[in-house]
file upload_19.cif (mmCIF, C-alpha atoms)
data_coords
loop_
_atom_site.label_atom_id
_atom_site.label_comp_id
_atom_site.auth_asym_id
_atom_site.auth_seq_id
_atom_site.Cartn_x
_atom_site.Cartn_y
_atom_site.Cartn_z
CA MET A 144 0.00 0.00 0.00
CA GLN A 145 1.44 3.36 -0.98
CA GLU A 146 1.99 5.91 1.77
CA ASP A 147 0.47 8.67 -0.38
CA PHE A 148 -2.66 6.61 -1.11
CA HIS A 149 -4.90 9.66 -0.58
CA THR A 150 -2.83 11.98 -2.78
CA TYR A 151 -2.37 9.34 -5.46
CA LEU A 152 -6.12 8.90 -6.01
CA LEU A 153 -7.01 12.57 -5.67
CA GLU A 154 -4.50 13.53 -8.36
CA ARG A 155 -5.95 11.10 -10.90
CA GLU A 156 -8.15 12.43 -13.70
CA SER A 157 -10.64 9.60 -13.18
CA ARG A 158 -12.85 8.93 -10.19
CA ILE A 159 -13.43 5.26 -11.08
CA VAL A 160 -11.28 2.79 -9.12
CA ILE A 161 -11.14 -0.82 -10.39
CA LEU A 162 -9.86 -3.15 -7.66
CA TRP A 163 -8.95 -6.44 -9.35
CA ILE A 164 -7.13 -8.43 -6.66
CA GLN A 165 -7.62 -11.58 -4.58
CA SER A 166 -10.75 -11.33 -2.48
CA ASN A 167 -8.90 -11.66 0.85
CA TYR A 168 -6.99 -8.43 0.11
CA ILE A 169 -10.07 -6.38 -0.81
CA PRO A 170 -11.04 -5.50 2.82
CA VAL A 171 -7.47 -4.33 3.49
CA VAL A 172 -7.55 -1.89 0.59
CA LEU A 173 -11.08 -0.68 1.37
CA LYS A 174 -10.15 0.07 4.98
CA GLU A 175 -7.27 2.21 3.73
CA ALA A 176 -9.67 3.94 1.34
CA LEU A 177 -12.05 4.68 4.23
CA LYS A 178 -9.16 5.94 6.33
CA TYR A 179 -8.13 8.46 3.66
CA ASP A 180 -11.73 9.25 2.66
CA VAL A 181 -11.38 8.27 -0.99
CA VAL A 182 -14.59 6.26 -1.29
CA GLY A 183 -18.12 7.59 -1.91
CA PRO A 184 -19.53 9.96 -2.84
CA GLU A 185 -16.63 11.21 -4.98
CA PHE A 186 -15.25 7.82 -6.06
CA ILE A 187 -16.84 4.81 -7.75
CA TRP A 188 -15.20 1.53 -6.71
CA ILE A 189 -15.59 -1.63 -8.82
CA LEU A 190 -14.47 -4.86 -7.15
CA SER A 191 -13.70 -8.28 -8.57
CA SER A 192 -15.62 -10.02 -5.80
CA SER A 193 -18.20 -9.34 -3.11
CA ILE A 194 -16.86 -9.54 0.45
CA SER A 195 -18.03 -9.87 4.03
CA LEU A 196 -18.41 -6.58 5.89
CA ASP A 197 -18.19 -8.10 9.38
CA SER A 198 -14.71 -6.69 9.99
CA PHE A 199 -15.70 -3.07 9.20
CA ASP A 200 -16.85 -0.48 11.73
CA ARG A 201 -19.77 1.91 11.26
CA SER A 202 -17.81 3.98 8.74
CA TYR A 203 -18.55 1.24 6.23
CA GLU A 204 -21.75 3.11 5.33
CA LYS A 205 -19.54 5.20 3.07
CA LEU A 206 -19.10 2.03 1.01
CA ILE A 207 -22.72 2.20 -0.18
CA GLY A 208 -22.65 2.20 -3.97
CA LEU A 209 -19.77 -0.27 -4.38
CA LEU A 210 -20.06 -2.38 -7.53
CA THR A 211 -18.74 -5.88 -8.17
CA VAL A 212 -18.35 -7.69 -11.48
CA GLU A 213 -18.28 -11.45 -10.92
CA PRO A 214 -18.50 -14.51 -13.17
CA VAL A 215 -21.54 -16.69 -12.50
CA ALA A 216 -22.85 -20.01 -13.72
CA GLY A 217 -25.50 -20.20 -16.41
CA ILE A 218 -28.25 -21.06 -13.92
CA SER A 219 -27.91 -17.54 -12.45
CA VAL A 220 -28.80 -15.89 -15.77
CA SER A 221 -31.38 -18.46 -16.93
CA ALA A 222 -29.00 -19.91 -19.53
CA SER A 223 -28.86 -23.55 -20.63
CA ILE A 224 -27.02 -25.96 -18.31
CA ASN A 225 -26.71 -29.73 -18.00
CA ALA A 226 -29.29 -30.20 -15.25
CA THR A 227 -28.97 -34.00 -15.36
CA LEU A 228 -25.22 -33.90 -14.78
CA LEU A 229 -25.64 -31.27 -12.06
CA ASP A 230 -28.22 -33.37 -10.24
CA ALA A 231 -25.96 -36.42 -10.42
CA ALA A 232 -23.03 -34.40 -9.06
CA TYR A 233 -25.13 -33.14 -6.15
CA LYS A 234 -26.19 -36.70 -5.30
CA VAL A 235 -22.56 -37.87 -5.22
CA TRP A 236 -21.64 -34.90 -3.03
CA GLN A 237 -24.49 -35.59 -0.60
CA LYS A 238 -23.65 -39.28 -0.47
CA TYR A 239 -19.96 -38.95 0.37
CA GLU A 240 -19.74 -35.55 2.13
CA SER A 241 -23.23 -34.69 3.23
CA GLU A 242 -21.92 -32.54 6.09
CA THR A 243 -20.31 -30.10 3.63
CA PHE A 244 -23.18 -29.91 1.16
CA PRO A 245 -25.23 -26.69 1.38
CA VAL A 246 -28.63 -26.31 -0.22
CA SER A 247 -28.28 -26.26 -4.01
CA SER A 248 -29.08 -22.55 -4.20
CA LYS A 249 -26.06 -21.80 -1.99
CA VAL A 250 -23.50 -23.64 -4.12
CA HIS A 251 -20.99 -21.06 -5.36
CA SER A 252 -20.53 -20.59 -9.09
CA TYR A 253 -16.82 -21.30 -8.68
CA ALA A 254 -17.70 -24.82 -7.49
CA LEU A 255 -19.59 -25.39 -10.74
CA PHE A 256 -16.68 -23.97 -12.75
CA ALA A 257 -14.33 -26.36 -10.95
CA PHE A 258 -16.61 -29.31 -11.73
CA ASP A 259 -16.75 -28.45 -15.45
CA THR A 260 -12.98 -27.98 -15.50
CA THR A 261 -12.46 -31.42 -13.95
CA TRP A 262 -15.02 -32.95 -16.31
CA LEU A 263 -13.29 -31.32 -19.30
CA LEU A 264 -9.89 -32.63 -18.18
CA ALA A 265 -11.26 -36.15 -17.67
CA GLN A 266 -12.86 -36.24 -21.12
CA SER A 267 -9.74 -34.78 -22.75
CA LEU A 268 -7.43 -37.33 -21.13
CA GLN A 269 -9.78 -40.15 -22.06
CA LYS A 270 -9.85 -39.04 -25.69
CA LEU A 271 -6.09 -38.47 -25.74
CA CYS A 272 -5.34 -41.96 -24.46
CA SER A 273 -7.85 -43.60 -26.80
CA THR A 274 -6.25 -42.00 -29.86
CA THR A 275 -2.60 -42.39 -28.84
CA LYS A 276 -0.84 -45.44 -30.15
CA THR A 277 1.57 -46.82 -27.62
CA ASN A 278 4.74 -48.55 -28.66
CA SER A 279 5.74 -51.91 -27.31
CA SER A 280 8.07 -50.57 -24.64
CA SER A 281 5.52 -48.22 -23.19
CA SER A 282 2.89 -50.96 -23.32
CA SER A 283 5.03 -53.23 -21.21
CA SER A 284 5.65 -50.53 -18.65
CA SER A 285 2.03 -49.42 -18.51
CA SER A 286 1.03 -52.51 -16.59
CA SER A 287 3.23 -51.52 -13.66
CA SER A 288 2.32 -47.84 -13.40
CA PRO A 289 -0.44 -45.86 -15.12
CA SER A 290 1.60 -42.65 -14.87
CA SER A 291 4.34 -44.15 -17.05
CA SER A 292 2.10 -44.94 -20.01
CA SER A 293 2.65 -43.02 -23.23
CA CYS A 294 -0.48 -40.91 -22.81
CA LEU A 295 -0.06 -40.17 -19.08
CA SER A 296 3.70 -39.89 -18.70
CA PHE A 297 5.50 -37.07 -16.89
CA ASN A 298 9.01 -35.72 -17.00
CA GLU A 299 10.17 -37.07 -13.67
CA LEU A 300 11.92 -34.51 -11.48
CA SER A 301 12.56 -34.50 -7.75
CA PHE A 302 10.62 -31.29 -7.15
CA CYS A 303 6.90 -31.77 -7.78
CA PHE A 304 6.31 -28.32 -9.28
CA ASP A 305 8.98 -29.00 -11.91
CA ARG A 306 7.20 -32.07 -13.24
CA ARG A 307 5.79 -31.62 -16.73
CA PHE A 308 3.13 -33.58 -18.60
CA SER A 309 4.87 -35.14 -21.59
CA GLN A 310 1.92 -34.84 -23.96
CA SER A 311 0.96 -31.27 -22.99
CA ASN A 312 0.65 -30.01 -26.58
CA LEU A 313 -1.49 -32.97 -27.59
CA LEU A 314 -3.63 -32.45 -24.50
CA LEU A 315 -4.24 -28.78 -25.34
CA ASN A 316 -5.19 -29.73 -28.89
CA THR A 317 -7.59 -32.33 -27.51
CA ILE A 318 -9.16 -29.79 -25.15
CA ASN A 319 -9.87 -27.58 -28.17
CA GLN A 320 -11.84 -30.44 -29.73
CA ILE A 321 -14.02 -31.09 -26.69
CA GLU A 322 -17.41 -29.40 -26.54
CA PHE A 323 -20.20 -30.20 -24.10
CA LEU A 324 -22.99 -28.68 -22.04
CA GLY A 325 -21.68 -28.50 -18.50
CA VAL A 326 -23.20 -27.68 -15.13
CA SER A 327 -22.13 -24.03 -15.53
CA GLY A 328 -23.14 -23.68 -19.19
CA PRO A 329 -21.72 -24.51 -22.64
CA VAL A 330 -18.03 -25.43 -22.52
CA LYS A 331 -15.91 -24.81 -25.60
CA PHE A 332 -12.51 -23.24 -26.20
CA ASP A 333 -10.91 -21.65 -29.23
CA SER A 334 -7.50 -22.84 -30.39
CA ASN A 335 -6.40 -19.20 -30.71
CA ASP A 336 -7.39 -18.32 -27.14
CA LEU A 337 -7.25 -21.00 -24.47
CA THR A 338 -8.07 -18.68 -21.57
CA ASP A 339 -11.67 -17.72 -22.39
CA ARG A 340 -14.62 -19.89 -23.23
CA VAL A 341 -16.18 -19.37 -26.63
CA ASN A 342 -19.63 -19.63 -25.06
CA GLY A 343 -20.89 -19.86 -21.53
CA SER A 344 -19.26 -16.78 -19.99
CA TYR A 345 -21.82 -15.08 -17.77
CA TYR A 346 -21.48 -12.24 -15.26
CA TYR A 347 -23.33 -10.46 -12.48
CA VAL A 348 -22.98 -6.84 -11.40
CA GLN A 349 -23.76 -6.53 -7.70
CA ASN A 350 -24.39 -3.29 -5.86
CA LEU A 351 -23.81 -2.64 -2.15
CA GLN A 352 -27.05 -1.22 -0.74
CA SER A 353 -28.40 -0.33 2.68
CA PHE A 354 -31.22 -2.27 4.36
CA ALA A 355 -32.77 -2.27 7.81
CA ASN A 356 -30.47 -5.12 8.87
CA GLY A 357 -27.29 -3.67 7.38
CA LEU A 358 -25.49 -3.46 4.05
CA HIS A 359 -25.82 -6.23 1.49
CA PHE A 360 -24.70 -6.89 -2.08
CA VAL A 361 -27.66 -7.00 -4.47
CA PRO A 362 -27.49 -8.30 -8.08
CA VAL A 363 -28.56 -5.47 -10.39
CA LEU A 364 -27.27 -6.38 -13.87
CA LYS A 365 -26.55 -9.62 -15.70
CA TYR A 366 -24.56 -10.52 -18.79
CA GLY A 367 -26.01 -13.59 -20.44
CA SER A 368 -26.67 -15.26 -23.76
CA SER A 369 -27.68 -11.97 -25.40
CA ASN A 370 -24.07 -10.74 -25.05
CA ASP A 371 -25.34 -7.56 -23.45
CA TRP A 372 -25.95 -6.19 -19.97
CA THR A 373 -29.59 -6.31 -18.92
CA PRO A 374 -31.30 -5.38 -15.63
CA ILE A 375 -32.27 -8.10 -13.20
CA GLU A 376 -36.00 -8.06 -12.52
CA GLN A 377 -37.17 -6.32 -9.34
CA THR A 378 -33.64 -5.40 -8.30
CA ASN A 379 -32.53 -3.26 -11.20
CA THR A 380 -32.10 0.00 -9.29
CA ILE A 381 -28.46 0.92 -8.70
CA LEU A 382 -27.61 3.02 -5.66
CA TRP A 383 -24.53 5.10 -6.37
CA PRO A 384 -21.94 6.35 -3.86
CA GLY A 385 -23.51 8.65 -1.31
CA ASN A 386 -26.67 6.49 -1.32
CA SER A 387 -27.85 8.41 -4.38
CA SER A 388 -29.88 7.38 -7.40
CA THR A 389 -28.10 9.98 -9.54
CA ILE A 390 -25.29 8.69 -11.75
CA PRO A 391 -22.10 10.40 -10.53
CA ASN A 392 -19.40 11.95 -12.67
CA ASP A 393 -16.37 9.89 -13.61
CA HIS A 394 -14.01 12.86 -13.19
CA PRO A 395 -13.13 15.25 -10.33
CA MET A 396 -15.71 17.91 -9.50
CA ILE A 397 -14.98 21.30 -7.92
CA THR A 398 -18.44 21.97 -6.52
CA GLY A 399 -18.05 23.26 -2.98
CA LYS A 400 -14.24 23.39 -3.27
CA ILE A 401 -12.06 26.44 -2.59
CA LEU A 402 -9.87 27.32 -5.56
CA HIS A 403 -6.82 29.51 -5.11
CA ILE A 404 -6.74 31.56 -8.31
CA THR A 405 -3.88 33.87 -9.21
CA VAL A 406 -4.30 36.84 -11.54
CA PHE A 407 -1.89 39.53 -12.62
CA GLU A 408 -2.58 43.14 -13.49
CA SER A 409 -3.03 43.55 -17.21
CA MET A 410 -5.48 46.00 -18.77
CA PRO A 411 -8.27 45.45 -19.65
CA PHE A 412 -8.30 41.90 -18.28
CA THR A 413 -7.40 42.56 -14.65
CA MET A 414 -7.13 46.01 -13.07
CA ILE A 415 -6.70 47.28 -9.53
CA THR A 416 -8.90 50.14 -8.36
CA ASP A 417 -9.07 52.01 -5.05
CA TYR A 418 -12.33 52.50 -3.19
CA ILE A 419 -13.58 53.45 0.27
CA ASN A 420 -15.28 50.61 2.14
CA GLU A 421 -18.32 50.87 4.40
CA TYR A 422 -16.09 51.71 7.36
CA GLY A 423 -14.42 54.63 5.58
CA TYR A 424 -11.10 52.91 4.90
CA ASN A 425 -9.30 52.87 1.58
CA GLU A 426 -9.10 49.44 -0.01
CA GLN A 427 -8.24 47.96 -3.35
CA LYS A 428 -10.54 45.94 -5.56
CA ILE A 429 -9.79 43.74 -8.54
CA ILE A 430 -11.99 44.54 -11.54
CA GLY A 431 -12.02 43.70 -15.22
CA PHE A 432 -12.85 40.92 -17.65
CA ILE A 433 -11.06 38.16 -15.68
CA PRO A 434 -12.71 38.86 -12.26
CA ASP A 435 -16.11 39.01 -13.96
CA LEU A 436 -15.44 35.66 -15.65
CA ILE A 437 -14.35 34.08 -12.34
CA GLU A 438 -17.54 35.32 -10.66
CA LEU A 439 -19.65 33.81 -13.45
CA LEU A 440 -17.85 30.47 -13.16
CA GLU A 441 -18.36 30.49 -9.39
CA LYS A 442 -22.11 30.76 -9.83
CA ARG A 443 -22.33 28.11 -12.52
CA MET A 444 -19.84 25.56 -11.16
CA GLY A 445 -20.38 26.02 -7.44
CA PHE A 446 -16.79 26.56 -6.29
CA HIS A 447 -15.47 29.33 -4.04
CA ALA A 448 -12.72 31.51 -5.47
CA CYS A 449 -9.87 32.88 -3.39
CA ILE A 450 -8.22 35.36 -5.75
CA HIS A 451 -4.56 36.29 -5.32
CA LYS A 452 -2.78 39.09 -7.16
CA ALA A 453 0.59 37.99 -8.49
CA PRO A 454 3.58 40.06 -7.32
CA SER A 455 4.66 42.78 -9.73
CA ASN A 456 8.00 41.05 -10.28
CA GLN A 457 6.37 37.69 -11.04
CA THR A 458 7.26 36.35 -14.48
CA TYR A 459 4.96 34.33 -16.72
CA SER A 460 7.28 31.33 -16.49
CA GLY A 461 7.26 31.68 -12.72
CA LEU A 462 3.46 31.50 -12.70
CA ILE A 463 3.55 28.28 -14.71
CA GLU A 464 6.06 26.77 -12.30
CA ALA A 465 3.93 27.85 -9.30
CA VAL A 466 0.89 26.04 -10.71
CA ALA A 467 2.97 22.93 -11.42
CA ARG A 468 4.24 22.96 -7.80
CA GLY A 469 0.72 23.35 -6.43
CA ASP A 470 1.22 26.86 -5.03
CA TYR A 471 -1.87 27.93 -6.98
CA ASP A 472 -4.76 25.87 -8.28
CA THR A 473 -4.99 27.87 -11.47
CA VAL A 474 -3.95 31.11 -13.16
CA PHE A 475 -6.23 33.35 -15.20
CA GLY A 476 -4.56 35.65 -17.68
CA ASP A 477 -3.01 36.20 -21.08
CA VAL A 478 -0.40 33.46 -20.82
CA ARG A 479 1.27 32.19 -23.97
CA VAL A 480 0.85 28.46 -24.62
CA THR A 481 4.14 26.74 -25.46
CA ALA A 482 5.13 23.10 -25.86
CA ALA A 483 7.44 23.29 -22.84
CA ARG A 484 4.73 24.75 -20.60
CA LYS A 485 2.19 22.13 -21.69
CA GLU A 486 4.47 19.41 -20.35
CA SER A 487 3.89 20.54 -16.74
CA THR A 488 0.47 22.24 -16.82
CA ALA A 489 -2.83 22.04 -18.68
CA PHE A 490 -4.29 24.96 -20.60
CA SER A 491 -7.93 25.73 -21.31
CA HIS A 492 -9.24 26.86 -24.66
CA ALA A 493 -8.75 30.54 -25.34
CA ILE A 494 -11.21 32.72 -23.41
CA PHE A 495 -10.31 35.92 -25.26
CA TYR A 496 -9.00 36.28 -28.79
CA ASN A 497 -6.71 39.16 -29.64
CA SER A 498 -4.74 40.25 -32.67
CA LEU A 499 -2.07 42.76 -33.68
CA ARG A 500 -2.93 45.30 -36.37
CA VAL A 501 -1.12 48.04 -38.28
CA ILE A 502 -2.98 51.35 -38.12
CA THR A 503 -2.52 54.05 -40.78
CA ARG A 504 -4.15 57.40 -41.43
CA ARG A 505 -7.15 57.19 -43.72
CA THR A 506 -6.72 59.38 -46.83
CA PRO A 507 -9.64 60.78 -48.84
CA ASP A 508 -10.37 59.23 -52.19
CA ILE A 509 -9.07 61.39 -55.06
CA ASN A 510 -11.07 61.48 -58.27
CA MET A 511 -8.96 62.34 -61.29
CA ASP A 512 -10.35 63.32 -64.63
CA PHE A 513 -7.72 62.54 -67.24
CA PHE A 514 -9.69 64.39 -69.93
CA TYR A 515 -9.82 67.67 -68.02
CA CYS A 516 -7.43 70.35 -69.22
#
call {"tool": "encode", "arguments": {"input": "upload_19.cif", "output": "structure tokens"}}
result
Amino acid sequence: MQEDFHTYLLERESRIVILWIQSNYIPVVLKEALKYDVVGPEFIWILSSSISLDSFDRSYEKLIGLLTVEPVAGISVSASINATLLDAAYKVWQKYESETFPVSSKVHSYALFAFDTTWLLAQSLQKLCSTTKTNSSSSSSSSSSPSSSSCLSFNELSFCFDRRFSQSNLLLNTINQIEFLGVSGPVKFDSNDLTDRVNGSYYYVQNLQSFANGLHFVPVLKYGSSNDWTPIEQTNTILWPGNSSTIPNDHPMITGKILHITVFESMPFTMITDYINEYGYNEQKIIGFIPDLIELLEKRMGFHACIHKAPSNQTYSGLIEAVARGDYDTVFGDVRVTAARKESTAFSHAIFYNSLRVITRRTPDINMDFFYC
């Protein structure tokens, strides 16, 4: 975890945080986020897994609006599955380990993925061995040890993690040829991409919402056979950070913030005028095009401006460096945009266009009559 966790996130241009790590580390990161106040309502967090909130204190209410994107089995999105095979697997589970079997609705999707993976491996090995012709030497040795047969042989090494399946390439090719309807959905792989299923990849989006008995993750969107995200009936309302139904911005907002704005005297953009205040004292006031623009932006964007007048000996380059260091939030004025300056600061579009002209005295038109004598 970085020591400047708070600063690191606040300085990003995006307010969407995607936390794609092992589920046991998610609470650790979220507690740091709560500590530095970089969760809702200004940040949208998307997790790779839902988690238990038992280890959080009452500040966890700031986590309302969290989103998770998780893979699920086909049964969760009403897709086709092998119900016969699933029922048979449940019966075997109940027969041999009844104490560990939950109700079928509580079986995690990852358990179904693991079953289909095992079933795919078993079918692939069976097909590999049935199509592999063994030579006489391997046939004689196969009777003593199944692991030494030509189709199930390993490169024997003392360290178990260094052992390699001899027919790994043939096995991968065989896996590409296997296609079946599993307990999690259709199972098929593409020879060009062995990491993702061609069909049968389904997902849930869950949303952390507040209820009378605490916070709970609620499924709100599903990604199924239509290859598109669709709402889940009766629970399709997403609560965003801050317990709001309004979709937040994905970038930093300055509403309610105090901005330290530096201006420098330059007619007619920014001028300094003297006036007598209500107590009879002489004071100075900043007037001109720039102060009027700042006041308009304050009203429309909701920030509070703290205007500073740059010292008379302040150079333009010095102003750019001051913004880059964080001495000022922004500078308003007629500053030239150069490639070097754009490397350290960002410039808005021009707010006032100007040009240089050559002025000459207008002369009256002279009419000449060449036929007059």
call {"tool": "closest_residue", "arguments": {"input": "upload_19.cif", "among": "A:Leu324, A:Val361, A:Ile433, A:Val235", "to": "A:Asp477", "atoms": "only C-alpha atoms"}}
result
A:Ile433
call {"tool": "resolve_selection", "arguments": {"input": "upload_19.cif", "expression": "the PyMOL selection byres ((chain A and resi 330) around 8)", "output": "NGL selection string"}}
result
:A and (259 or 322-325 or 328-329 or 331-332 or 340-343)
call {"tool": "closest_residue", "arguments": {"input": "upload_19.cif", "among": "A:Ser460, A:Gly445, A:Tyr346, A:Leu196", "to": "A:Ser368", "atoms": "only C-alpha atoms"}}
result
A:Tyr346
call {"tool": "resolve_selection", "arguments": {"input": "upload_19.cif", "expression": "the PyMOL selection byres ((chain A and resi 177-182) around 9)", "output": "list of chain:residue names"}}
result
A:Phe148, A:His149, A:Leu152, A:Leu153, A:Val172, A:Leu173, A:Lys174, A:Glu175, A:Ala176, A:Gly183, A:Pro184, A:Glu185, A:Phe186, A:Ile187, A:Trp188, A:Ser202, A:Tyr203, A:Lys205, A:Leu206, A:Leu209, A:Pro384
call {"tool": "resolve_selection", "arguments": {"input": "upload_19.cif", "expression": "the PyMOL selection byres ((chain A and resi 166) around 9)", "output": "list in words"}}
result
Trp163, Ile164, Gln165, Asn167, Tyr168, Ile169, Pro170, Leu190, Ser191, Ser192, Ser193 and Ile194 of chain A
